[in-house]
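Student: Sharing a structure below in structure tokens format, with a few things to ask.
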Amino acid sequence: MNSALGIINFASNHTKVTGLQDYRSVGAISFLGRYRVIDFPISNFSNSGMENIHVYTRWKPRSLAEHLGTGRQYNINSKRGRLHLLFAEDELDSLYSNDISAYMDNIEVIENSCHDYVIVASSCMIFKQDFKELLDQHIESGADITLLYHSTDNAKEQFLTCQTLELNRQKGVLSITPNRGTAKNRQIFAGTYVMRRDLFIDMIKKAHNTSAMYSLMDWVNLMCNEMDIRGVAHRGYFGSITDFKSYYDTSMSLIDLKTARSLFDPDWPIYTRTSDSCPTQYLEGADVKASVISNGCRIEGTIDHSILSRGCIIKKGAVVKNCVILPDVVIGEDTVLENVVVDKHVRINHIKEVKGTPEHPGYVKRGDHL
């Protein structure tokens with residue numbers, strides 16, 4: 001797979017993970033206790049044999065940079081490959097802040113690459129995909145561009161902030177349109193493109209010269225009638241982190257062991273930055289069921305269908321149900337949390353009840369004391 005350069009795009013302007021995104025980019029958001037969202041696309045590239053990966057960011061880069069480090073945790077050979085963090089220079093709220101602008105800011109890095117092909121993946125999608133297999137399909141088809149999509153029969157309730165592919169009978173892409181929740185069956189665009197590197201560079205420059213507000217998706221959509229653009233179906237678990245509700249729903253869905261097994265495969269590991277800490281302590285009175293518990297926690301209360309990240313403390317009599325708890329959170333005695341996402345470093349000692357609903361989960365801001 002040394003013939004392909006991996007590019008991980010930042011979240012689009014339509015992606016708003018309210019609350020969590022105030023403190024870090026979407027790729028740096030904690031997921032399932034021990035991972036970050038960015039770990040999934042990078043692991044897909046690494047497991048596919050790709051060792052030259054560009055990760056783009058434009059918002060609150062510190063958390064992402066600290067997590068990525070040198071990239072050694074992703075099984076990337078430092079002599080042959082590199083994990084390269086690249087930055088967009090436009091401000092987040094600028095009309096010109098898009099991926100085409102970021103690629104133009106770093107065009108020399110892309111042009112100096114020796115790879116024949118480029119695979120662009122999204123930083124806010126959760127799925128497992130062999131990119132070598134996808135590249136082989138692209139080359140065999142003779143298409144100009146290949147787009148990865150996931151078919152769903154629940155598009156009225158899920159993936160409402162995602163894009164969809166309109167396909168003809170030969171899997172040719174007719175257009176890329178928003179999912180407006182008007183139909184059950186849709187082909188959800190996975191934010192993944194495959195094409196030759198020289199075509200990618202040419203498209204970047206043409207799109208930038210045509211309109212400074214064009215994104216890569218806008219330009220590909222515009223080219224659907226002029227190029228051979230084809231869709232390839234993804235199989236297996238697929239989740240999106242495109243708003244706060246989708247983050248909560250995706251996290252909750254993976255508590256189910258059968259669902260999790262469709263994403264996590266011993267032969268396809270999801271790499272992440274490890275943290276050496278003691279095992280979780282289950283003290284007298286602890287009652288934990290149907291939950292994902294990370295290491296370094298101390299539990300005396302009740303945990304039901306929830307996710308606990310590293311270093312959390314759940315004190316005596318506390319009840320945590322249908323919640324996502326990020327690292328280093330303390331839940332005080334006899335406190336009840338239900339349908340809530342609690343950000344890092346929160347202390348809940350004085351308020352005895354914090355509840356949301358499955359349709360509208362609550363959020364406790366990072367570092368708050370309640």
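Just so we're on the same page: first chain in the structure tokens is A, next is B, and so on; residues restart at 1 for each chain, and ligands are numbered from 1 in the order they show up.
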Find the residues of segment 20-106 of chain A that sit at most 10 Å from segment 112-133 of chain A; for each, write down the nearest two atoms and how far apart they are in Å, to one decimal. Count only C-alpha atoms. Sort by chain, then by number going up, and give it as a tab-separated table.

Tutor:
```
residue	atom	partner	partner_atom	distance
A:Ser25	CA	A:Ser123	CA	9.4
A:Val26	CA	A:Cys124	CA	6.4
A:Gly27	CA	A:Ser123	CA	5.4
A:Ala28	CA	A:Ser123	CA	9.2
A:Ile29	CA	A:Cys124	CA	9.6
A:Val37	CA	A:Cys124	CA	6.5
A:Ile38	CA	A:Ser123	CA	5.6
A:Asp39	CA	A:Ser123	CA	8.8
A:Phe40	CA	A:Ile126	CA	6.2
A:Pro41	CA	A:Ser123	CA	6.6
A:Ile42	CA	A:Ser123	CA	8.9
A:Ser43	CA	A:Lys128	CA	8.6
A:Asn44	CA	A:Gln129	CA	5.9
A:Phe45	CA	A:Phe131	CA	6.6
A:Ser46	CA	A:Phe131	CA	9.4
A:Asn47	CA	A:Asp130	CA	7.5
A:Ser48	CA	A:Lys132	CA	5.5
A:Gly49	CA	A:Lys132	CA	7.5
A:Met50	CA	A:Lys132	CA	8.4
A:Asn52	CA	A:Ser113	CA	9.2
A:Ile53	CA	A:Ile119	CA	9.6
A:His54	CA	A:Val120	CA	9.3
A:Val55	CA	A:Ser123	CA	8.6
A:Tyr56	CA	A:Ser123	CA	8.9
A:Thr57	CA	A:Ser123	CA	9.5
```

Student: Those residues you just picked out, can you put them in a file as a short mmCIF file (atom, residue, chain, number, x, y, z; two decimals), in the first residue's frame with N, CA, C and O atoms?

Tutor:
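out-v7.cif, written as the output of this step:
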```
data_model
loop_
_atom_site.label_atom_id
_atom_site.label_comp_id
_atom_site.auth_asym_id
_atom_site.auth_seq_id
_atom_site.Cartn_x
_atom_site.Cartn_y
_atom_site.Cartn_z
N SER A 25 -10.88 19.30 18.70
CA SER A 25 -11.42 18.93 17.39
C SER A 25 -12.20 17.63 17.53
O SER A 25 -12.04 16.88 18.49
N VAL A 26 -13.04 17.33 16.55
CA VAL A 26 -13.86 16.12 16.62
C VAL A 26 -12.99 14.88 16.72
O VAL A 26 -13.29 13.95 17.48
N GLY A 27 -11.89 14.85 15.98
CA GLY A 27 -11.01 13.68 16.02
C GLY A 27 -10.42 13.41 17.38
O GLY A 27 -10.07 12.26 17.70
N ALA A 28 -10.31 14.43 18.22
CA ALA A 28 -9.70 14.27 19.55
C ALA A 28 -10.71 13.96 20.64
O ALA A 28 -10.34 13.79 21.79
N ILE A 29 -12.00 13.83 20.29
CA ILE A 29 -13.02 13.55 21.30
C ILE A 29 -12.86 12.13 21.82
O ILE A 29 -12.68 11.18 21.05
N VAL A 37 -11.74 9.52 18.58
CA VAL A 37 -12.41 9.27 17.30
C VAL A 37 -11.41 9.09 16.17
O VAL A 37 -11.58 8.25 15.29
N ILE A 38 -10.31 9.84 16.22
CA ILE A 38 -9.29 9.79 15.16
C ILE A 38 -8.61 8.42 15.08
O ILE A 38 -8.05 8.04 14.04
N ASP A 39 -8.66 7.63 16.17
CA ASP A 39 -7.98 6.32 16.17
C ASP A 39 -8.54 5.38 15.12
O ASP A 39 -7.81 4.52 14.60
N PHE A 40 -9.81 5.52 14.77
CA PHE A 40 -10.44 4.57 13.85
C PHE A 40 -9.97 4.75 12.42
O PHE A 40 -9.55 3.77 11.79
N PRO A 41 -9.98 5.96 11.83
CA PRO A 41 -9.43 6.08 10.47
C PRO A 41 -7.94 5.81 10.40
O PRO A 41 -7.47 5.20 9.43
N ILE A 42 -7.18 6.23 11.42
CA ILE A 42 -5.74 5.95 11.38
C ILE A 42 -5.47 4.46 11.45
O ILE A 42 -4.62 3.92 10.73
N SER A 43 -6.20 3.74 12.30
CA SER A 43 -6.02 2.29 12.40
C SER A 43 -6.40 1.60 11.10
O SER A 43 -5.76 0.61 10.70
N ASN A 44 -7.44 2.09 10.43
CA ASN A 44 -7.79 1.53 9.13
C ASN A 44 -6.65 1.68 8.13
O ASN A 44 -6.33 0.74 7.39
N PHE A 45 -6.03 2.85 8.11
CA PHE A 45 -4.89 3.06 7.22
C PHE A 45 -3.72 2.15 7.61
O PHE A 45 -3.12 1.48 6.76
N SER A 46 -3.39 2.12 8.89
CA SER A 46 -2.25 1.33 9.35
C SER A 46 -2.45 -0.16 9.08
O SER A 46 -1.55 -0.84 8.57
N ASN A 47 -3.62 -0.68 9.41
CA ASN A 47 -3.90 -2.09 9.19
C ASN A 47 -3.94 -2.44 7.70
O ASN A 47 -3.75 -3.60 7.33
N SER A 48 -4.19 -1.44 6.85
CA SER A 48 -4.21 -1.66 5.41
C SER A 48 -2.81 -1.57 4.80
O SER A 48 -2.66 -1.70 3.58
N GLY A 49 -1.80 -1.33 5.63
CA GLY A 49 -0.43 -1.26 5.14
C GLY A 49 0.02 0.12 4.71
O GLY A 49 1.09 0.28 4.12
N MET A 50 -0.77 1.15 5.00
CA MET A 50 -0.41 2.52 4.63
C MET A 50 0.34 3.18 5.78
O MET A 50 -0.16 3.24 6.90
N ASN A 52 2.15 6.31 5.35
CA ASN A 52 2.30 7.75 5.18
C ASN A 52 0.91 8.36 5.24
O ASN A 52 0.10 8.20 4.31
N ILE A 53 0.64 9.05 6.34
CA ILE A 53 -0.71 9.53 6.63
C ILE A 53 -0.65 11.01 7.01
O ILE A 53 0.11 11.40 7.89
N HIS A 54 -1.47 11.81 6.34
CA HIS A 54 -1.61 13.23 6.67
C HIS A 54 -2.89 13.42 7.47
O HIS A 54 -3.97 12.99 7.03
N VAL A 55 -2.79 14.05 8.62
CA VAL A 55 -3.96 14.35 9.44
C VAL A 55 -4.13 15.87 9.47
O VAL A 55 -3.23 16.59 9.92
N TYR A 56 -5.28 16.34 8.99
CA TYR A 56 -5.54 17.78 8.93
C TYR A 56 -6.37 18.22 10.13
O TYR A 56 -7.29 17.52 10.55
N THR A 57 -6.04 19.39 10.65
CA THR A 57 -6.80 19.96 11.76
C THR A 57 -6.88 21.47 11.58
O THR A 57 -6.00 22.09 10.96
#
```

Student: Between segment 318-340 of chain A and segment 245-258 of chain A, at 12 Å or less, what are the per-residue closest atom pairs and their distances in Å? Count only C-alpha atoms, order by chain and rising residue number, and return it as a Markdown table.

Tutor:
```
| residue | atom | partner | partner_atom | distance |
| --- | --- | --- | --- | --- |
| A:Lys321 | CA | A:Met252 | CA | 11.0 |
| A:Asn322 | CA | A:Met252 | CA | 7.5 |
| A:Cys323 | CA | A:Met252 | CA | 8.2 |
| A:Val324 | CA | A:Tyr248 | CA | 7.4 |
| A:Ile325 | CA | A:Ser251 | CA | 10.8 |
| A:Leu326 | CA | A:Ser251 | CA | 11.8 |
| A:Asn339 | CA | A:Tyr248 | CA | 8.9 |
| A:Val340 | CA | A:Tyr248 | CA | 8.7 |
```

Student: Suppose you want the space between atom CA of Ile188 of chain A and atom CA of Gly172 of chain A; what is it in Å?

Tutor: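 Taking atom CA of Ile188 of chain A as the start and atom CA of Gly172 of chain A as the end point, the length is 14.6 Å.
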
Student: With a distance cut-off of 7 Å and only C-alpha atoms, select the neighbouring residues of segment 228-236 of chain A, excluding the residue or stretch itself and same-chain residues fewer than 2 positions from it, and output the selection as a list in words.

Tutor: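 With the cut-off at 7 Å, the set is Ala143, Asp144, Ile145, Thr146, Leu147, Leu148, Tyr149, His150, Lys171, Gly172, Val173, Cys224, Phe238 and Ser262 of chain A.
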
Student: What's the 7 Å shell around Val292 of chain A, counting only C-alpha atoms, without same-chain residues fewer than 4 positions away, as a list in words?

Tutor: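 Contacts, in chain order: Ile255, Ser306, Ile307 and Leu308 of chain A.
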
Student: For Glu111 of chain A, which residue among A:Tyr74, A:Phe200, A:Tyr193, A:Tyr271 is the nearest when counting only C-alpha atoms?

Tutor: A:Phe200
